[in-house]
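Novice: Next comes target.tsv, TSV, C-alpha atoms and all ligand atoms:
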```
chain	number	residue	atom	x	y	z
A	1077	MET	CA	170.81	-5.42	35.01
A	1078	SER	CA	169.57	-3.92	38.25
A	1079	LEU	CA	168.86	-6.17	41.19
A	1080	ALA	CA	165.24	-5.06	41.08
A	1081	ASN	CA	164.87	-6.77	37.70
A	1082	THR	CA	166.11	-10.11	39.06
A	1083	VAL	CA	163.67	-10.28	41.98
A	1084	PRO	CA	160.23	-11.68	41.19
A	1085	HIS	CA	157.41	-9.21	41.86
A	1086	MET	CA	155.72	-10.38	45.05
A	1087	GLY	CA	152.44	-8.53	44.59
A	1088	GLY	CA	149.59	-8.54	47.10
A	1089	ASP	CA	149.47	-7.11	50.59
A	1090	ILE	CA	151.54	-8.43	53.47
A	1091	ASP	CA	149.55	-9.10	56.63
A	1092	PRO	CA	151.01	-6.81	59.36
A	1093	ARG	CA	150.72	-9.55	61.99
A	1094	LYS	CA	152.64	-11.98	59.81
A	1095	PHE	CA	155.24	-9.30	59.04
A	1096	ARG	CA	155.79	-8.78	62.79
A	1097	ASP	CA	155.89	-12.52	63.50
A	1098	VAL	CA	158.40	-13.23	60.76
A	1099	LEU	CA	160.66	-10.26	61.58
A	1100	GLY	CA	160.37	-11.17	65.27
A	1101	GLN	CA	162.43	-14.28	64.53
A	1102	PHE	CA	165.38	-11.96	64.02
A	1103	CYS	CA	166.92	-11.50	67.47
A	1104	THR	CA	168.44	-8.10	68.27
A	1105	GLY	CA	170.04	-6.25	71.13
A	1106	LEU	CA	168.45	-3.12	72.56
A	1107	THR	CA	169.56	0.47	72.90
A	1108	VAL	CA	168.31	3.69	74.43
A	1109	VAL	CA	169.11	6.70	72.27
A	1110	THR	CA	169.64	9.78	74.46
A	1111	SER	CA	170.31	13.47	74.01
A	1112	MET	CA	170.05	16.80	75.80
A	1113	THR	CA	167.33	18.91	74.23
A	1114	ASP	CA	166.48	22.39	75.51
A	1115	GLY	CA	168.58	21.63	78.59
A	1116	ALA	CA	166.63	18.50	79.49
A	1117	PRO	CA	167.60	14.84	79.11
A	1118	THR	CA	165.55	12.87	76.60
A	1119	GLY	CA	165.66	9.42	75.07
A	1120	PHE	CA	163.78	6.47	73.60
A	1121	THR	CA	164.22	2.70	73.43
A	1122	CYS	CA	165.42	1.59	70.00
A	1123	GLN	CA	165.80	-1.95	68.71
A	1124	SER	CA	166.56	-1.03	65.12
A	1125	PHE	CA	170.23	-0.16	65.50
A	1126	SER	CA	173.16	-1.46	63.50
A	1127	SER	CA	176.73	-0.82	62.54
A	1128	LEU	CA	176.92	0.67	59.03
A	1129	SER	CA	180.44	1.76	58.03
A	1130	LEU	CA	183.94	1.66	59.51
A	1131	ASP	CA	185.47	4.36	57.29
A	1132	PRO	CA	183.89	6.76	57.94
A	1133	PRO	CA	182.50	5.38	61.22
A	1134	LEU	CA	178.73	5.30	60.76
A	1135	VAL	CA	175.81	3.57	62.48
A	1136	VAL	CA	172.16	3.38	61.52
A	1137	LEU	CA	168.97	3.52	63.58
A	1138	CYS	CA	165.31	3.71	62.62
A	1139	PRO	CA	163.03	5.97	64.70
A	1140	SER	CA	159.31	5.67	64.13
A	1141	LYS	CA	157.67	8.68	62.54
A	1142	SER	CA	155.29	8.59	65.52
A	1143	SER	CA	158.14	9.17	67.98
A	1144	THR	CA	157.82	12.46	69.83
A	1145	THR	CA	161.40	12.22	71.09
A	1146	TRP	CA	163.24	11.74	67.79
A	1147	PRO	CA	162.30	15.19	66.32
A	1148	ARG	CA	163.80	16.84	69.41
A	1149	ILE	CA	166.97	14.77	69.15
A	1150	ARG	CA	167.15	15.59	65.42
A	1151	ASN	CA	167.03	19.30	66.28
A	1152	SER	CA	169.91	18.92	68.72
A	1153	GLY	CA	171.95	17.20	65.99
A	1154	ARG	CA	173.75	14.94	68.46
A	1155	PHE	CA	172.91	11.86	70.45
A	1156	CYS	CA	174.33	8.93	72.37
A	1157	ILE	CA	173.43	5.29	71.77
A	1158	ASN	CA	173.41	3.32	75.05
A	1159	ILE	CA	173.61	-0.47	74.57
A	1160	LEU	CA	171.53	-2.18	77.25
A	1161	ALA	CA	172.62	-4.99	79.59
A	1162	ASP	CA	170.46	-7.98	80.57
A	1163	HIS	CA	169.27	-6.29	83.80
A	1164	HIS	CA	167.91	-3.26	81.90
A	1165	GLU	CA	164.42	-4.59	81.11
A	1166	THR	CA	162.68	-2.03	83.36
A	1167	LEU	CA	164.85	0.74	81.94
A	1168	SER	CA	163.95	-0.33	78.41
A	1169	ASP	CA	160.22	-0.27	79.27
A	1170	ARG	CA	160.55	3.15	80.84
A	1171	PHE	CA	162.13	4.64	77.71
A	1172	ALA	CA	159.53	3.01	75.47
A	1173	VAL	CA	156.71	5.11	76.95
A	1174	SER	CA	155.79	8.36	75.26
A	1175	GLY	CA	155.71	11.47	77.44
A	1176	GLY	CA	156.59	12.17	81.06
A	1177	ASP	CA	160.05	12.56	82.52
A	1178	LYS	CA	161.75	9.30	81.62
A	1179	PHE	CA	164.85	10.24	83.67
A	1180	THR	CA	163.17	10.61	87.10
A	1181	ASP	CA	165.38	8.94	89.76
A	1182	ILE	CA	167.99	7.86	87.19
A	1183	GLU	CA	171.54	8.91	88.01
A	1184	PHE	CA	172.90	9.36	84.53
A	1185	GLY	CA	176.34	10.49	83.49
A	1186	SER	CA	177.38	12.69	80.60
A	1187	SER	CA	178.98	11.53	77.36
A	1188	PRO	CA	181.69	13.60	75.64
A	1189	ASN	CA	179.06	15.30	73.46
A	1190	GLY	CA	176.94	16.08	76.54
A	1191	SER	CA	174.29	13.38	76.07
A	1192	PRO	CA	173.03	11.26	78.98
A	1193	LEU	CA	175.00	8.08	79.71
A	1194	LEU	CA	172.75	5.47	81.30
A	1195	PRO	CA	174.01	3.57	84.37
A	1196	ASP	CA	175.66	0.22	83.59
A	1197	ALA	CA	175.14	0.41	79.84
A	1198	LEU	CA	177.32	-2.21	78.12
A	1199	ALA	CA	178.68	0.35	75.71
A	1200	TRP	CA	177.94	3.77	74.30
A	1201	LEU	CA	178.49	5.62	71.03
A	1202	ASP	CA	178.40	9.41	70.68
A	1203	CYS	CA	177.06	10.49	67.30
A	1204	THR	CA	176.14	13.50	65.26
A	1205	LEU	CA	173.29	13.35	62.76
A	1206	HIS	CA	174.93	12.48	59.42
A	1207	ALA	CA	171.87	11.83	57.23
A	1208	GLU	CA	168.20	10.95	57.45
A	1209	TYR	CA	166.17	9.12	54.81
A	1210	ASP	CA	162.56	8.13	54.39
A	1211	GLY	CA	161.80	4.56	55.46
A	1212	GLY	CA	158.02	4.19	55.23
A	1213	ASP	CA	156.54	4.65	58.70
A	1214	HIS	CA	160.08	4.95	60.10
A	1215	SER	CA	163.09	7.14	59.30
A	1216	ILE	CA	166.50	5.75	58.44
A	1217	VAL	CA	168.96	7.77	60.48
A	1218	VAL	CA	172.70	7.61	59.87
A	1219	GLY	CA	174.86	8.69	62.79
A	1220	ARG	CA	178.51	9.68	62.51
A	1221	VAL	CA	180.39	8.22	65.48
A	1222	HIS	CA	182.77	10.62	67.27
A	1223	ALA	CA	183.50	8.70	70.47
A	1224	LEU	CA	182.64	5.26	71.81
A	1225	ASP	CA	183.52	2.83	74.54
A	1226	ALA	CA	182.63	-0.64	75.82
A	1227	VAL	CA	182.40	-0.25	79.58
A	1228	SER	CA	180.93	-3.49	80.94
A	1229	ASP	CA	181.32	-7.21	80.36
A	1230	SER	CA	177.75	-7.95	81.50
A	1231	ARG	CA	175.56	-9.85	79.09
A	1232	PRO	CA	173.26	-7.99	76.65
A	1233	LEU	CA	169.50	-7.55	76.82
A	1234	LEU	CA	167.96	-9.19	73.76
A	1235	PHE	CA	164.61	-8.87	71.99
A	1236	HIS	CA	163.21	-11.92	70.24
A	1237	ARG	CA	159.68	-12.87	69.08
A	1238	GLY	CA	158.27	-9.72	70.70
A	1239	ARG	CA	159.77	-10.44	74.12
A	1240	TYR	CA	162.86	-9.68	76.12
A	1241	ALA	CA	165.38	-12.51	76.06
A	1242	ARG	CA	168.80	-13.28	77.44
A	1243	THR	CA	171.81	-15.27	76.33
A	1244	ALA	CA	172.22	-18.71	77.92
A	1245	GLU	CA	174.63	-19.19	80.81
A	1246	GLN	CA	178.01	-20.33	79.49
B	1	LIG	C1	161.81	-3.57	72.81
B	1	LIG	C2	161.46	-2.27	72.13
B	1	LIG	C3	162.07	-1.90	70.94
B	1	LIG	C4	161.75	-0.70	70.31
B	1	LIG	N1	162.41	-0.33	69.17
B	1	LIG	C5	162.09	0.82	68.55
B	1	LIG	C6	162.75	1.23	67.36
B	1	LIG	O1	163.61	0.53	66.84
B	1	LIG	N2	162.39	2.42	66.81
B	1	LIG	C7	161.44	3.22	67.36
B	1	LIG	O2	161.16	4.29	66.83
B	1	LIG	N3	160.78	2.85	68.47
B	1	LIG	C8	161.08	1.68	69.08
B	1	LIG	N4	160.43	1.31	70.20
B	1	LIG	C9	159.34	2.14	70.68
B	1	LIG	C10	159.84	3.42	71.27
B	1	LIG	O3	160.71	3.20	72.36
B	1	LIG	C11	158.62	4.24	71.73
B	1	LIG	O4	157.69	4.30	70.72
B	1	LIG	C12	159.03	5.62	72.01
B	1	LIG	O5	159.92	5.64	73.07
B	1	LIG	C13	157.82	6.44	72.35
B	1	LIG	O6	158.25	7.58	73.06
B	1	LIG	P1	158.50	8.98	72.39
B	1	LIG	O7	157.18	9.47	71.87
B	1	LIG	O8	159.04	9.75	73.54
B	1	LIG	O9	159.47	8.81	71.26
B	1	LIG	C14	160.77	0.13	70.86
B	1	LIG	C15	160.13	-0.25	72.06
B	1	LIG	C16	160.48	-1.42	72.68
B	1	LIG	C17	159.79	-1.80	73.98
```
Could you take the file, read its structure, and then write that structure out as C-alpha cells?
Ligand SMILES: Cc1cc2nc3c(=O)[nH]c(=O)nc-3n(C[C@H](O)[C@H](O)[C@H](O)COP(=O)(O)O)c2cc1C

Specialist:
Amino acid sequence: MSLANTVPHMGGDIDPRKFRDVLGQFCTGLTVVTSMTDGAPTGFTCQSFSSLSLDPPLVVLCPSKSSTTWPRIRNSGRFCINILADHHETLSDRFAVSGGDKFTDIEFGSSPNGSPLLPDALAWLDCTLHAEYDGGDHSIVVGRVHALDAVSDSRPLLFHRGRYARTAEQ
C-alpha cells in the first residue's frame, strides 16, 4: 500500500498566513547561494537548504520561481552555498533584494569552482547542478558537492517565526 493511501485526505484550502505561521516555527540557518554568471558575481539569500545524501554527496535548496538570480545560476551550472554567521544579518538582507549589484563594497574570495566566497561565512559548499524538480511556486534543486569546508567557529545566523534569531550564549 502506498503511503498516500494511509494519509487521510485533508481537503479544503490552507490559509497562506497560517501556512507561513506554522512553518515559521521551524527554525533554520541561512545561506547565500553565489555564482559567477557572465563574468559577474551573483547570489541570493536562501533559507531552504538542507543536506540530502552522503553517498553521493548531495544537498538540496529551493529557489522561488520568482527569483531572477536562480535562472542565471542554473545556466552557469555551478554555485557555492555560503552558510551565514550571526553577524551576517545585513548581508542576508542585501542578498534578499532583487536587482542591483549586491556585491558592491564586499571583498569576496573565490571558491575552487570560481564562485564568490563571502567574508566570514561559517562554511561553504561548492556544487554543480545535479537535478531540478518542480516544487509548486519553488524549484527543488539538488546540488552535487565537489568541495566544502567549515572555516569559522562563530555562531550561526538563524531564522525563526519570520525574524532573524541567534543561539543563546553558552
Ligand atoms: C531570511 C530569508 C530567507 C529566504 N529564503 C529564500 C529561499 O529559501 N528561497 C528563495 O528562493 N528565496 C528566499 N529568500 C528570498 C530571496 O533572497 C529573494 O527573493 C531573492 O534574493 C530576490 O532576488 P533575485 O531576484 O535576485 O533572486 C529569502 C529571503 C530572506 C530574507

Novice: Select the residues contacting ligand LIG 1 (chain B) at a distance of at most 10 Å, based on all atoms listed in the file, then format the selection as a PyMOL selection string.

Specialist: chain A and resi 1104-1109+1118-1125+1137-1149+1165-1178+1213-1216+1233-1236+1238-1240

Novice: Any idea what the distance is between CA of Phe1095 (chain A) and CA of Gly1211 (chain A)?

Specialist: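 Rounded to one decimal, the two atoms are 15.7 Å apart.
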
Novice: Skipping near chain neighbours, those fewer than 6 positions away, what residues fall within 9 Å of Leu1205 (chain A) using only C-alpha atoms, listed as an MDAnalysis selection string?

Specialist: chainID A and resid 1150 1152:1155 1217:1220

Novice: Write the residues you've just listed into a file as a compact mmCIF listing (two decimals), in the frame of the given file, and include C-alpha atoms for each of them.

Specialist:
```
# COMPACT_ATOMS: atom_id res chain seq x y z
CA ARG A 1150 167.15 15.59 65.42
CA SER A 1152 169.91 18.92 68.72
CA GLY A 1153 171.95 17.20 65.99
CA ARG A 1154 173.75 14.94 68.46
CA PHE A 1155 172.91 11.86 70.45
CA VAL A 1217 168.96 7.77 60.48
CA VAL A 1218 172.70 7.61 59.87
CA GLY A 1219 174.86 8.69 62.79
CA ARG A 1220 178.51 9.68 62.51
```

Novice: Can you tell me which residues surround Asp1229 (chain A) at a distance of at most 12 Å, considering all atoms listed in the file, apart from same-chain residues fewer than 4 positions away, and format the answer as a VMD selection string?

Specialist: chain A and resid 1159 to 1162 1196 to 1199 1225

Novice: Near Phe1102 (chain A), counting all atoms listed in the file, which residues have an atom at most 8 Å away, once you skip same-chain residues fewer than 3 positions from it, shown as a CSV table (one decimal) with C-alpha atoms, keeping the file's coordinate frame?

Specialist:
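Listing of out-v2.csv after writing:
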```
chain,number,residue,atom,x,y,z
A,1098,VAL,CA,158.4,-13.2,60.8
A,1099,LEU,CA,160.7,-10.3,61.6
A,1236,HIS,CA,163.2,-11.9,70.2
A,1237,ARG,CA,159.7,-12.9,69.1
```

Novice: Output as lines of an AutoDock Vina configuration file the centre and edge lengths (Å, one decimal) of the box along x, y and z of the file that holds every listed atom of region 1176-1179 of chain A after adding 4 Å on each side.

Specialist:
```
center_x = 160.7
center_y = 10.9
center_z = 82.4
size_x = 16.3
size_y = 11.3
size_z = 10.6
```

Novice: For Gly1115 (chain A), which residue among A:Ser1191, A:Thr1243, A:Ser1228, A:Asn1158 is the nearest when counting all atoms listed in the file?

Specialist: A:Ser1191

Novice: What is the distance between CA of Glu1245 (chain A) and CA of Gly1100 (chain A), in Å to one decimal?

Specialist: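 Distance between the two atoms: 22.6 Å.
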
Novice: Could you please determine the separation between CA of His1206 (chain A) and CA of Cys1156 (chain A) in Å, to one decimal place?

Specialist: 13.4 Å

Novice: Have a look at A:Ser1126, A:Asp1089, A:Leu1201, A:Ser1230 and name the one nearest to Arg1242 (chain A); count all atoms listed in the file.

Specialist: A:Ser1230

Novice: Would you please work out which residue, of A:Glu1208, A:Ile1090, A:Val1227, A:His1164, is nearest to Val1136 (chain A) when using all atoms listed in the file?

Specialist: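 Once distances to Val1136 (chain A) are computed over all atoms listed in the file, the minimum belongs to A:Glu1208.
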
Novice: Hey, which of A:Cys1203, A:Pro1092, A:Pro1195, A:Val1135 ends up closest to Glu1183 (chain A)? Count all atoms listed in the file.

Specialist: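 Looking only at the distances to Glu1183 (chain A), the closest residue turns out to be A:Pro1195.
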
Novice: Could you name the residues that touch Gly1190 (chain A) at 10 Å or less, counting all atoms listed in the file, but leaving out those on the same chain fewer than 4 positions away, as a ChimeraX atom specification?

Specialist: /A:1110-1112,1117,1154-1156,1185-1186,1202

Novice: For Asn1189 (chain A), which of A:Ala1207, A:Ala1223, A:Cys1103, A:Ala1116 is the closest residue, counting only C-alpha atoms?

Specialist: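 Looking only at the distances to Asn1189 (chain A), the closest residue turns out to be A:Ala1223.
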
Novice: Which of these, A:Asn1151, A:Phe1184, A:Tyr1209, A:Asp1131, has the shortest distance to Val1221 (chain A) once you count all atoms listed in the file?

Specialist: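 The shortest atom-to-atom distance to Val1221 (chain A) comes from A:Asp1131.
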